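Data block for structure_4.tsv (TSV, C-alpha atoms):
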```
chain	number	residue	atom	x	y	z
A	233	MET	CA	-66.20	-103.66	177.95
A	234	GLU	CA	-68.25	-100.54	178.63
A	235	HIS	CA	-68.52	-99.92	174.85
A	236	VAL	CA	-70.08	-103.35	174.36
A	237	GLU	CA	-72.61	-102.84	177.13
A	238	PHE	CA	-73.39	-99.35	175.81
A	239	TYR	CA	-74.09	-100.66	172.30
A	240	LYS	CA	-76.28	-103.46	173.67
A	241	ARG	CA	-78.34	-101.13	175.82
A	242	PHE	CA	-78.54	-98.20	173.36
A	243	PRO	CA	-77.91	-99.52	169.82
A	244	LEU	CA	-79.24	-96.33	168.13
A	245	LEU	CA	-77.10	-93.92	170.18
A	246	VAL	CA	-73.61	-93.77	168.71
A	247	PRO	CA	-70.85	-92.64	171.14
A	248	GLU	CA	-67.87	-90.75	169.78
A	249	THR	CA	-66.20	-91.03	173.18
A	250	LEU	CA	-67.36	-92.46	176.48
A	251	ASP	CA	-65.17	-90.33	178.77
A	252	PRO	CA	-66.15	-87.57	178.45
A	253	LEU	CA	-69.37	-88.82	176.87
A	254	LYS	CA	-70.07	-87.49	173.37
A	255	ALA	CA	-72.86	-89.28	171.53
A	256	ASP	CA	-75.51	-88.70	168.90
A	257	GLY	CA	-78.55	-90.72	167.84
A	258	TYR	CA	-81.77	-92.00	169.37
A	259	ILE	CA	-82.87	-93.45	172.67
A	260	GLU	CA	-86.24	-94.86	173.61
A	261	THR	CA	-88.49	-93.28	176.22
A	262	PRO	CA	-90.01	-95.52	178.92
A	263	GLU	CA	-93.12	-95.64	176.71
A	264	GLY	CA	-91.08	-97.02	173.79
A	265	GLU	CA	-90.96	-93.89	171.58
A	266	ARG	CA	-87.68	-92.96	169.89
A	267	VAL	CA	-86.27	-89.51	170.68
A	268	ARG	CA	-83.37	-87.79	168.92
A	269	ILE	CA	-80.57	-86.95	171.38
A	270	THR	CA	-77.13	-85.30	171.23
A	271	ILE	CA	-74.90	-85.48	174.33
A	272	ASP	CA	-71.64	-83.59	174.84
A	273	ALA	CA	-70.24	-83.80	178.37
A	274	SER	CA	-66.95	-82.23	177.28
A	275	THR	CA	-68.52	-78.76	177.35
A	276	HIS	CA	-69.31	-78.85	181.08
A	277	GLY	CA	-67.02	-81.50	182.57
A	278	THR	CA	-69.91	-83.06	184.47
A	279	TYR	CA	-73.21	-84.76	183.81
A	280	CYS	CA	-76.10	-82.31	183.83
A	281	VAL	CA	-79.21	-81.25	181.88
A	282	ASP	CA	-77.31	-78.66	179.84
A	283	ILE	CA	-75.17	-81.23	177.99
A	284	VAL	CA	-78.27	-82.69	176.32
A	285	LYS	CA	-79.61	-81.32	173.03
A	286	SER	CA	-82.86	-82.68	171.65
A	287	THR	CA	-86.30	-81.66	170.44
A	288	LEU	CA	-88.03	-78.65	171.96
A	289	GLU	CA	-90.38	-80.91	173.91
A	290	VAL	CA	-87.54	-82.95	175.45
A	291	GLU	CA	-85.45	-79.89	176.31
A	292	GLU	CA	-88.42	-78.15	177.92
A	293	LEU	CA	-89.21	-81.29	179.95
A	294	LEU	CA	-85.62	-81.57	181.18
A	295	GLN	CA	-85.32	-77.84	181.94
A	296	SER	CA	-88.55	-77.93	183.93
A	297	LYS	CA	-86.93	-80.48	186.30
A	298	LYS	CA	-83.35	-79.20	186.00
A	299	ALA	CA	-82.58	-78.76	189.71
A	300	GLU	CA	-83.71	-82.28	190.57
A	301	LEU	CA	-82.17	-83.93	187.50
A	302	ASP	CA	-78.79	-82.22	187.86
A	303	VAL	CA	-78.44	-83.75	191.32
A	304	ARG	CA	-79.25	-87.21	189.97
A	305	PHE	CA	-77.08	-86.84	186.86
A	306	GLN	CA	-74.02	-85.67	188.80
A	307	GLN	CA	-74.15	-88.88	190.84
A	308	CYS	CA	-73.70	-90.99	187.68
A	309	ALA	CA	-70.33	-92.77	187.64
A	310	SER	CA	-70.16	-93.33	183.86
A	311	GLY	CA	-71.61	-92.31	180.54
A	312	LEU	CA	-73.70	-95.48	180.45
A	313	SER	CA	-75.26	-94.84	183.86
A	314	PHE	CA	-75.97	-91.22	182.79
A	315	VAL	CA	-77.84	-92.31	179.67
A	316	LYS	CA	-79.83	-94.82	181.71
A	317	GLU	CA	-80.81	-92.07	184.13
A	318	LEU	CA	-81.61	-89.75	181.22
A	319	GLN	CA	-83.85	-92.39	179.68
A	320	HIS	CA	-85.90	-92.68	182.89
A	321	SER	CA	-86.31	-88.88	183.02
A	322	LEU	CA	-88.02	-88.85	179.61
A	323	ALA	CA	-91.21	-90.45	180.88
A	324	GLY	CA	-94.26	-88.63	179.57
A	325	VAL	CA	-92.64	-86.93	176.60
A	326	SER	CA	-93.48	-89.64	174.08
A	327	THR	CA	-97.10	-88.64	173.36
A	328	LEU	CA	-96.24	-84.99	172.71
A	329	GLN	CA	-93.13	-85.96	170.75
A	330	LYS	CA	-95.17	-88.20	168.46
A	331	LYS	CA	-97.76	-85.47	167.93
A	332	ILE	CA	-95.19	-82.83	166.99
A	333	SER	CA	-92.72	-84.90	165.01
A	334	GLN	CA	-95.18	-86.00	162.34
A	335	PHE	CA	-95.20	-82.45	160.88
A	336	TYR	CA	-91.92	-81.06	162.20
A	337	GLY	CA	-89.86	-82.84	159.55
A	338	GLN	CA	-92.25	-81.75	156.80
A	339	ILE	CA	-92.04	-78.07	157.83
A	340	VAL	CA	-88.24	-78.15	158.02
A	341	LYS	CA	-88.00	-79.80	154.60
A	342	GLU	CA	-90.32	-77.22	153.01
A	343	CYS	CA	-88.31	-74.36	154.54
A	344	ASP	CA	-85.12	-75.96	153.20
A	345	GLU	CA	-86.33	-76.67	149.68
A	346	GLN	CA	-89.17	-74.29	148.80
A	347	VAL	CA	-90.15	-71.63	151.33
A	348	GLY	CA	-86.68	-70.46	152.34
A	349	TRP	CA	-85.45	-69.75	155.86
A	350	ASP	CA	-85.15	-66.03	155.04
A	351	ARG	CA	-88.94	-65.81	155.36
A	352	VAL	CA	-88.88	-67.06	158.95
A	353	GLU	CA	-89.15	-64.04	161.27
A	354	SER	CA	-89.16	-65.76	164.65
A	355	PHE	CA	-89.65	-69.01	166.53
A	356	ASP	CA	-91.00	-69.11	170.08
A	357	LYS	CA	-89.67	-72.19	171.86
A	358	LYS	CA	-92.23	-71.89	174.63
A	359	THR	CA	-95.32	-71.77	172.42
A	360	GLN	CA	-93.69	-73.67	169.53
A	361	ILE	CA	-94.98	-71.12	167.05
A	362	MET	CA	-92.97	-70.12	164.00
A	363	ARG	CA	-93.80	-66.80	162.34
A	364	LEU	CA	-93.17	-66.32	158.64
A	365	LYS	CA	-93.70	-63.33	156.40
A	366	LEU	CA	-95.76	-63.34	153.24
A	367	ASN	CA	-94.61	-61.43	150.19
A	368	ARG	CA	-95.83	-57.83	150.41
A	369	ASP	CA	-99.11	-57.15	148.61
A	370	ALA	CA	-99.42	-54.62	145.78
A	371	ALA	CA	-99.86	-51.78	148.29
A	372	GLY	CA	-96.75	-52.77	150.25
A	373	ARG	CA	-98.60	-54.18	153.27
A	374	GLU	CA	-96.89	-56.84	155.36
A	375	HIS	CA	-98.72	-59.97	156.48
A	376	SER	CA	-97.68	-62.78	158.80
A	377	VAL	CA	-98.23	-66.54	158.86
A	378	TYR	CA	-98.05	-68.61	162.05
A	379	VAL	CA	-97.00	-72.26	162.09
A	380	ASP	CA	-98.23	-73.72	165.39
A	381	LEU	CA	-96.38	-76.99	166.00
A	382	SER	CA	-98.15	-77.59	169.31
A	383	SER	CA	-101.62	-77.55	167.73
A	384	ASN	CA	-100.58	-78.63	164.21
A	385	VAL	CA	-102.30	-75.70	162.50
A	386	PHE	CA	-101.46	-72.81	160.17
A	387	SER	CA	-102.98	-69.39	160.78
A	388	SER	CA	-102.51	-65.81	159.63
A	389	ASN	CA	-103.72	-62.24	160.11
A	390	VAL	CA	-105.40	-62.49	156.69
A	391	GLU	CA	-107.91	-65.23	157.53
A	392	GLU	CA	-110.05	-65.70	160.63
A	393	ASN	CA	-109.86	-69.50	160.78
A	394	SER	CA	-106.81	-71.70	161.19
A	395	VAL	CA	-106.03	-74.62	158.84
A	396	SER	CA	-104.94	-78.08	159.94
A	397	MET	CA	-101.52	-79.27	158.79
A	398	GLU	CA	-103.21	-82.55	157.90
A	399	SER	CA	-105.20	-80.84	155.15
A	400	THR	CA	-102.46	-78.85	153.40
A	401	LYS	CA	-98.73	-78.22	153.25
A	402	LEU	CA	-97.04	-74.99	154.26
A	403	THR	CA	-96.07	-74.15	150.67
A	404	ARG	CA	-99.64	-74.47	149.42
A	405	TYR	CA	-100.99	-72.52	152.39
A	406	LEU	CA	-98.64	-69.62	151.61
A	407	GLU	CA	-99.63	-69.68	147.94
A	408	THR	CA	-103.34	-69.61	148.86
A	409	LEU	CA	-102.84	-66.65	151.20
A	410	GLU	CA	-100.86	-64.66	148.65
A	411	GLU	CA	-103.64	-65.22	146.11
A	412	ARG	CA	-106.17	-64.01	148.69
A	413	CYS	CA	-104.07	-60.94	149.50
A	414	SER	CA	-103.94	-60.08	145.81
A	415	HIS	CA	-107.73	-60.41	145.66
A	416	LEU	CA	-108.24	-58.17	148.70
A	417	VAL	CA	-105.88	-55.27	147.89
A	418	GLU	CA	-108.64	-52.87	146.76
A	419	SER	CA	-110.87	-53.80	149.71
A	420	TRP	CA	-108.03	-53.09	152.14
A	421	ASP	CA	-107.30	-49.79	150.37
A	422	LEU	CA	-110.90	-48.72	151.06
A	423	LEU	CA	-110.84	-49.93	154.66
A	424	ASP	CA	-107.54	-48.15	155.34
A	425	ASP	CA	-109.09	-44.97	153.94
A	426	ILE	CA	-112.11	-45.40	156.24
A	427	ASP	CA	-109.92	-46.08	159.28
A	428	SER	CA	-107.82	-42.97	158.74
A	429	THR	CA	-110.53	-40.44	157.83
A	430	LEU	CA	-113.83	-41.47	159.45
A	431	CYS	CA	-114.99	-42.00	163.03
A	432	VAL	CA	-114.80	-45.80	163.26
A	433	LEU	CA	-116.66	-47.29	166.21
A	434	GLN	CA	-116.12	-50.95	165.45
A	435	PRO	CA	-114.02	-53.00	165.37
A	436	GLN	CA	-111.80	-51.16	167.83
A	437	HIS	CA	-108.66	-52.99	166.73
A	438	PRO	CA	-109.51	-54.28	163.25
A	439	LYS	CA	-107.79	-57.32	161.79
A	440	ARG	CA	-107.21	-57.80	158.07
A	441	HIS	CA	-109.88	-60.48	157.78
A	442	GLU	CA	-112.54	-58.12	159.18
A	443	LEU	CA	-114.00	-56.54	156.05
A	444	TRP	CA	-116.55	-54.28	157.76
A	445	ARG	CA	-116.64	-51.06	159.75
A	446	ARG	CA	-119.24	-49.39	161.97
A	447	ILE	CA	-118.90	-45.60	161.65
A	448	ALA	CA	-120.56	-42.60	163.28
A	449	VAL	CA	-122.91	-40.65	161.01
A	450	THR	CA	-124.60	-38.29	163.51
A	451	SER	CA	-125.02	-38.29	167.28
A	452	LEU	CA	-128.03	-40.60	166.78
A	453	HIS	CA	-127.00	-42.56	163.69
A	454	THR	CA	-124.33	-45.09	162.84
A	455	ALA	CA	-123.66	-46.88	159.56
A	456	LEU	CA	-122.42	-50.39	158.89
A	457	ILE	CA	-120.07	-50.57	155.89
A	458	ASP	CA	-119.65	-54.08	154.49
A	459	VAL	CA	-116.78	-54.39	152.01
A	460	SER	CA	-116.39	-57.31	149.61
A	461	PRO	CA	-113.71	-57.96	146.96
A	462	ASP	CA	-116.49	-59.32	144.75
A	463	ARG	CA	-118.26	-55.92	144.60
A	464	SER	CA	-116.97	-52.61	143.26
A	465	PHE	CA	-118.93	-50.80	145.99
A	466	PRO	CA	-119.55	-51.43	149.70
A	467	LYS	CA	-122.90	-52.30	151.24
A	468	LEU	CA	-124.18	-49.44	153.41
A	469	THR	CA	-126.78	-49.78	156.21
A	470	VAL	CA	-127.77	-46.96	158.58
A	471	TYR	CA	-128.99	-47.52	162.16
A	472	GLY	CA	-130.82	-45.00	164.35
A	473	PRO	CA	-134.31	-43.59	165.03
A	474	ARG	CA	-136.76	-45.16	162.59
A	475	THR	CA	-138.28	-41.96	161.18
A	476	THR	CA	-134.89	-40.50	160.24
A	477	THR	CA	-133.20	-43.79	159.38
A	478	LEU	CA	-135.72	-44.77	156.69
A	479	PRO	CA	-134.81	-41.90	154.31
A	480	LEU	CA	-131.07	-42.42	154.96
A	481	ASN	CA	-131.31	-46.11	154.09
A	482	ALA	CA	-133.35	-45.22	151.01
A	483	ARG	CA	-130.42	-43.07	149.87
A	484	ALA	CA	-127.95	-45.81	150.86
A	485	LYS	CA	-129.53	-48.09	148.26
A	486	ALA	CA	-128.12	-45.78	145.60
A	487	VAL	CA	-124.57	-46.81	146.58
A	488	ARG	CA	-124.48	-49.21	143.62
A	489	THR	CA	-124.83	-46.39	141.10
A	490	LEU	CA	-123.33	-43.43	142.99
A	491	TRP	CA	-120.16	-44.98	144.43
A	492	SER	CA	-117.09	-43.74	142.58
A	493	PRO	CA	-113.69	-45.47	142.93
A	494	THR	CA	-111.97	-42.15	142.16
A	495	LYS	CA	-113.44	-40.50	145.29
A	496	SER	CA	-112.50	-41.05	148.91
A	497	ALA	CA	-114.72	-43.04	151.27
A	498	ARG	CA	-115.80	-39.82	152.99
A	499	GLN	CA	-116.72	-38.11	149.72
A	500	ASN	CA	-118.72	-41.11	148.55
A	501	ILE	CA	-120.68	-41.64	151.76
A	502	GLU	CA	-121.41	-37.93	152.26
A	503	CYS	CA	-122.62	-37.72	148.66
A	504	ILE	CA	-124.88	-40.76	149.05
A	505	LEU	CA	-126.33	-39.92	152.49
A	506	GLN	CA	-126.38	-36.16	151.81
A	507	CYS	CA	-124.83	-35.30	155.16
A	508	THR	CA	-121.49	-34.28	156.66
A	509	LEU	CA	-119.75	-37.09	158.53
A	510	PRO	CA	-117.86	-36.44	161.79
A	511	SER	CA	-114.07	-36.51	161.69
A	512	ALA	CA	-111.89	-39.42	162.78
A	513	VAL	CA	-111.17	-37.62	166.08
A	514	PHE	CA	-114.88	-37.10	166.83
A	515	ASP	CA	-115.58	-37.68	170.52
A	516	HIS	CA	-117.38	-41.02	170.82
A	517	LYS	CA	-119.12	-39.73	173.97
A	518	ASP	CA	-121.15	-37.40	171.75
A	519	ILE	CA	-122.77	-40.40	170.07
A	520	LYS	CA	-125.69	-42.21	171.67
A	521	LEU	CA	-124.43	-45.80	171.46
A	522	GLU	CA	-124.79	-47.59	174.79
A	523	CYS	CA	-127.60	-50.07	175.31
A	524	GLY	CA	-130.30	-48.69	177.60
A	525	VAL	CA	-130.53	-52.02	179.45
A	526	CYS	CA	-126.94	-53.21	180.00
A	527	PHE	CA	-125.23	-49.82	179.39
A	528	ALA	CA	-122.64	-51.34	177.05
A	529	PHE	CA	-122.06	-50.67	173.35
A	530	VAL	CA	-121.07	-54.24	172.49
A	531	CYS	CA	-122.50	-57.32	174.19
A	532	GLU	CA	-121.23	-60.70	172.99
A	533	LYS	CA	-120.27	-59.12	169.63
A	534	GLU	CA	-123.80	-57.68	169.26
A	535	THR	CA	-124.11	-53.92	168.81
A	536	ALA	CA	-126.95	-51.78	170.18
A	537	ASP	CA	-128.84	-51.38	166.89
A	538	GLN	CA	-132.45	-51.63	168.12
A	539	VAL	CA	-133.56	-48.00	168.54
A	540	CYS	CA	-136.67	-46.54	170.16
A	541	ALA	CA	-138.99	-45.13	167.45
A	542	ASN	CA	-139.58	-41.99	169.53
A	543	ASP	CA	-137.17	-39.46	167.99
A	544	VAL	CA	-137.03	-37.52	171.26
A	545	CYS	CA	-135.86	-40.69	173.04
A	546	ALA	CA	-133.99	-42.61	170.30
A	547	GLN	CA	-132.39	-44.85	172.93
A	548	PRO	CA	-130.52	-47.83	171.41
A	549	PHE	CA	-130.67	-51.37	172.78
A	550	HIS	CA	-129.09	-54.73	172.07
A	551	ARG	CA	-131.68	-57.01	170.54
A	552	THR	CA	-131.00	-59.67	173.19
A	553	CYS	CA	-131.27	-57.18	176.05
A	554	LEU	CA	-134.50	-55.66	174.72
A	555	VAL	CA	-136.09	-59.08	174.17
A	556	GLN	CA	-135.25	-60.15	177.73
A	557	TRP	CA	-136.57	-56.85	179.11
A	558	LEU	CA	-139.87	-57.04	177.22
A	559	LYS	CA	-140.42	-60.70	178.11
A	560	SER	CA	-140.12	-59.77	181.79
A	561	LYS	CA	-143.02	-57.28	181.50
A	562	GLU	CA	-146.63	-58.41	181.90
A	563	ASP	CA	-148.01	-55.86	179.39
A	564	THR	CA	-145.79	-57.12	176.53
A	565	ARG	CA	-147.69	-58.80	173.68
A	566	GLN	CA	-146.24	-61.31	171.23
A	567	SER	CA	-147.28	-62.11	167.68
A	568	PHE	CA	-145.30	-65.00	166.21
A	569	THR	CA	-141.66	-63.87	166.70
A	570	THR	CA	-142.36	-60.15	167.23
A	571	LEU	CA	-142.66	-58.58	170.69
A	572	PHE	CA	-144.74	-55.41	171.27
A	573	GLY	CA	-144.06	-53.47	174.44
A	574	LYS	CA	-142.96	-50.21	176.07
A	575	CYS	CA	-139.57	-48.56	175.79
A	576	PRO	CA	-137.66	-48.94	179.09
A	577	TYR	CA	-136.72	-45.24	178.87
A	578	CYS	CA	-139.61	-43.18	177.54
A	579	GLY	CA	-142.49	-45.63	177.81
A	580	GLY	CA	-143.33	-45.26	174.14
A	581	ASN	CA	-144.26	-48.17	171.93
A	582	ILE	CA	-141.36	-50.37	170.81
A	583	THR	CA	-141.20	-53.61	168.82
A	584	VAL	CA	-138.44	-56.16	168.35
A	585	SER	CA	-138.11	-59.51	166.63
A	586	SER	CA	-137.15	-62.28	169.03
```
Spit out the file's structure as structure tokens when you get a sec.
Amino acid sequence: MEHVEFYKRFPLLVPETLDPLKADGYIETPEGERVRITIDASTHGTYCVDIVKSTLEVEELLQSKKAELDVRFQQCASGLSFVKELQHSLAGVSTLQKKISQFYGQIVKECDEQVGWDRVESFDKKTQIMRLKLNRDAAGREHSVYVDLSSNVFSSNVEENSVSMESTKLTRYLETLEERCSHLVESWDLLDDIDSTLCVLQPQHPKRHELWRRIAVTSLHTALIDVSPDRSFPKLTVYGPRTTTLPLNARAKAVRTLWSPTKSARQNIECILQCTLPSAVFDHKDIKLECGVCFAFVCEKETADQVCANDVCAQPFHRTCLVQWLKSKEDTRQSFTTLFGKCPYCGGNITVSS
């Protein structure tokens, strides 16, 4: 008789035995969403949270209320009453389950048929993020891909922006990234050379998608190196006191003709700028980098690249900080978008575009 009532109440949950309860199939949440469930009471000899296997969302919900639910489940007199109690405990999981399940099956199928489970490095149940490895690039570098089933996006250390699972499949995303890695091999070779041999100021912990470096040139000068896979040479811009920066930037324009792929980054830049660059272990304290207003090198991703024209002073400022400072002074003049005022340090003339 209990079998009949069980089938009527839970037609999609098929019991192998009722005592102890062993069943597999689906039950509906209080909100009417179907959830895949496997129950095996024979492993514990009592009704409790641990006999239930389901999706990550369901298991996390049950585990979060384990102490309370175990008390309620152990009071159940039969398998049918246990499943009824279990059904009530699933309130609130339906929305998240629906959100995850629409791509979960697709990801599993692609890993089964095309991607291969050998490329899966880890899966974090708490964050619901799967990490996969890309094929090594031509230089042997390893890259990772992250499948975020809680946010339904793909991301990687190769690209800055994530990609929605609604716009592409995992297989295609991996193919696109491997094509990009192939395109960026020479750029990464150059950046790795810069990181290992020059005094890199920014970024402090570079990611693969960051194709630029800020290096020390002298105690008063820094250079921004912008690398692109579409150019055979990097773009070079020097920052520092105006009178000494102008000739350095004039030489930097020759990078197009003077840059040699057979030379190291150091050899190329020293040849172009006609100076000796500091080593990678150069003490950053010897470089005048901090903004004279906020006393920080980086402020909201902005570097202190506005420098006082007085070579004796040569104090750098963030553009935003300098603009705010000059606007607070009564003797500052403005012509269109350019502010004319006094250096906060030496009192000499200083200009900045607002």
Nearest to Val377 in chain A by atom-to-atom distance, counting only C-alpha atoms, from A:Val347, A:Ile283, A:Cys503, A:Leu409: A:Leu409
Coordinates-based distance that separates CA of Lys401 in chain A from CA of Gln338 in chain A (Å, one decimal):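 About the pair CA of Gln338 in chain A and CA of Lys401 in chain A: they are 8.2 Å apart.
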Close residues, Thr489 in chain A itself excluded, 12 Å, only C-alpha atoms, min 6 positions apart in chain, as an MDAnalysis selection string: chainID A and resid 464:467 483 500 503:504
Test item: residues at most 10 Å from Arg373 in chain A, all atoms listed in the file, excluding those fewer than 5 positions along its chain, as a list in words: Leu366, Asn367, Arg368, Cys413, Val417 and Trp420 of chain A
Using only C-alpha atoms, give me every residue within 9 Å of (-121.0, -35.4, 160.6) in file coordinates, as a PDB file with C-alpha atoms, in the coordinates of the input.
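result_18.pdb, written as the output of this step:
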```pdb
ATOM      1  CA  ALA A 448    -120.560 -42.600 163.280  1.00  0.00           C
ATOM      2  CA  VAL A 449    -122.910 -40.650 161.010  1.00  0.00           C
ATOM      3  CA  THR A 450    -124.600 -38.290 163.510  1.00  0.00           C
ATOM      4  CA  SER A 451    -125.020 -38.290 167.280  1.00  0.00           C
ATOM      5  CA  GLU A 502    -121.410 -37.930 152.260  1.00  0.00           C
ATOM      6  CA  CYS A 507    -124.830 -35.300 155.160  1.00  0.00           C
ATOM      7  CA  THR A 508    -121.490 -34.280 156.660  1.00  0.00           C
ATOM      8  CA  LEU A 509    -119.750 -37.090 158.530  1.00  0.00           C
ATOM      9  CA  PRO A 510    -117.860 -36.440 161.790  1.00  0.00           C
ATOM     10  CA  SER A 511    -114.070 -36.510 161.690  1.00  0.00           C
ATOM     11  CA  PHE A 514    -114.880 -37.100 166.830  1.00  0.00           C
TER      12      PHE A 514
END
```
Counting all atoms listed in the file, the option among A:Ala497, A:Ile361, A:Ala541, A:Val525 closest to Ser428 in chain A: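 Of A:Ala497, A:Ile361, A:Ala541, A:Val525, the one nearest Ser428 in chain A, counting all atoms listed in the file, is A:Ala497.
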Residue contacts of Lys439 in chain A (12 Å, only C-alpha atoms) excluding same-chain residues fewer than 4 positions away, as a list in words: His375, Ser376, Ser388, Asn389, Val390, Glu391, Glu392, Trp420, Leu423, Asp424, Asp427, Gln434, Pro435, Leu443, Trp444 and Arg445 of chain A
Point-to-point distance from CA of Phe242 in chain A to CA of Phe305 in chain A, Å rounded to tenths: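 Taking CA of Phe242 in chain A as the start and CA of Phe305 in chain A as the end point, the length is 17.7 Å.
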Selection: 12 Å around Ser313 in chain A, all atoms listed in the file, excl. self and same-chain fewer than 4 positions, as a VMD selection string: chain A and resid 234 237 to 238 241 to 242 250 253 279 304 to 309 317 to 320
Non-local contacts of range 264-277 of chain A (9 Å; all atoms listed in the file; under 4 positions in same chain excluded) as an NGL selection string: :A and (245 or 247 or 251-260 or 282-287 or 290 or 311 or 325-327 or 329-330)
Expected file: the selected residues, C-alpha atoms, as a PDB file, in the frame of the given file:
```pdb
ATOM      1  CA  LEU A 245     -77.100 -93.920 170.180  1.00  0.00           C
ATOM      2  CA  PRO A 247     -70.850 -92.640 171.140  1.00  0.00           C
ATOM      3  CA  ASP A 251     -65.170 -90.330 178.770  1.00  0.00           C
ATOM      4  CA  PRO A 252     -66.150 -87.570 178.450  1.00  0.00           C
ATOM      5  CA  LEU A 253     -69.370 -88.820 176.870  1.00  0.00           C
ATOM      6  CA  LYS A 254     -70.070 -87.490 173.370  1.00  0.00           C
ATOM      7  CA  ALA A 255     -72.860 -89.280 171.530  1.00  0.00           C
ATOM      8  CA  ASP A 256     -75.510 -88.700 168.900  1.00  0.00           C
ATOM      9  CA  GLY A 257     -78.550 -90.720 167.840  1.00  0.00           C
ATOM     10  CA  TYR A 258     -81.770 -92.000 169.370  1.00  0.00           C
ATOM     11  CA  ILE A 259     -82.870 -93.450 172.670  1.00  0.00           C
ATOM     12  CA  GLU A 260     -86.240 -94.860 173.610  1.00  0.00           C
ATOM     13  CA  ASP A 282     -77.310 -78.660 179.840  1.00  0.00           C
ATOM     14  CA  ILE A 283     -75.170 -81.230 177.990  1.00  0.00           C
ATOM     15  CA  VAL A 284     -78.270 -82.690 176.320  1.00  0.00           C
ATOM     16  CA  LYS A 285     -79.610 -81.320 173.030  1.00  0.00           C
ATOM     17  CA  SER A 286     -82.860 -82.680 171.650  1.00  0.00           C
ATOM     18  CA  THR A 287     -86.300 -81.660 170.440  1.00  0.00           C
ATOM     19  CA  VAL A 290     -87.540 -82.950 175.450  1.00  0.00           C
ATOM     20  CA  GLY A 311     -71.610 -92.310 180.540  1.00  0.00           C
ATOM     21  CA  VAL A 325     -92.640 -86.930 176.600  1.00  0.00           C
ATOM     22  CA  SER A 326     -93.480 -89.640 174.080  1.00  0.00           C
ATOM     23  CA  THR A 327     -97.100 -88.640 173.360  1.00  0.00           C
ATOM     24  CA  GLN A 329     -93.130 -85.960 170.750  1.00  0.00           C
ATOM     25  CA  LYS A 330     -95.170 -88.200 168.460  1.00  0.00           C
TER      26      LYS A 330
END
```
From A:Ser560, A:Ser394, A:Thr552, A:Gln334, residue lying nearest Ala536 in chain A [all atoms listed in the file]: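 Of the candidates, the smallest distance to Ala536 in chain A is held by A:Thr552.
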Atom-to-atom span, CA of Val459 in chain A and CA of Val385 in chain A, Å: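 One can read the CA of Val459 in chain A to CA of Val385 in chain A distance as 27.8 Å.
Residue nearest Ile457 in chain A within the list A:Glu374, A:Glu442, A:Asp302, A:Asp543: A:Glu442 [criterion: smallest interatomic distance, only C-alpha atoms].
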Residue with smallest distance to Val340 in chain A - pool A:Val395, A:Val470, A:Val432, A:Leu402, counting only C-alpha atoms: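 Going through A:Val395, A:Val470, A:Val432, A:Leu402 one by one, the smallest distance to Val340 in chain A is for A:Leu402.
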Which residue of A:Asn393, A:Thr569, A:Thr469, A:Gln499 approaches Asp537 in chain A most closely, using only C-alpha atoms: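 With only C-alpha atoms as the atom set, the closest residue is A:Thr469.
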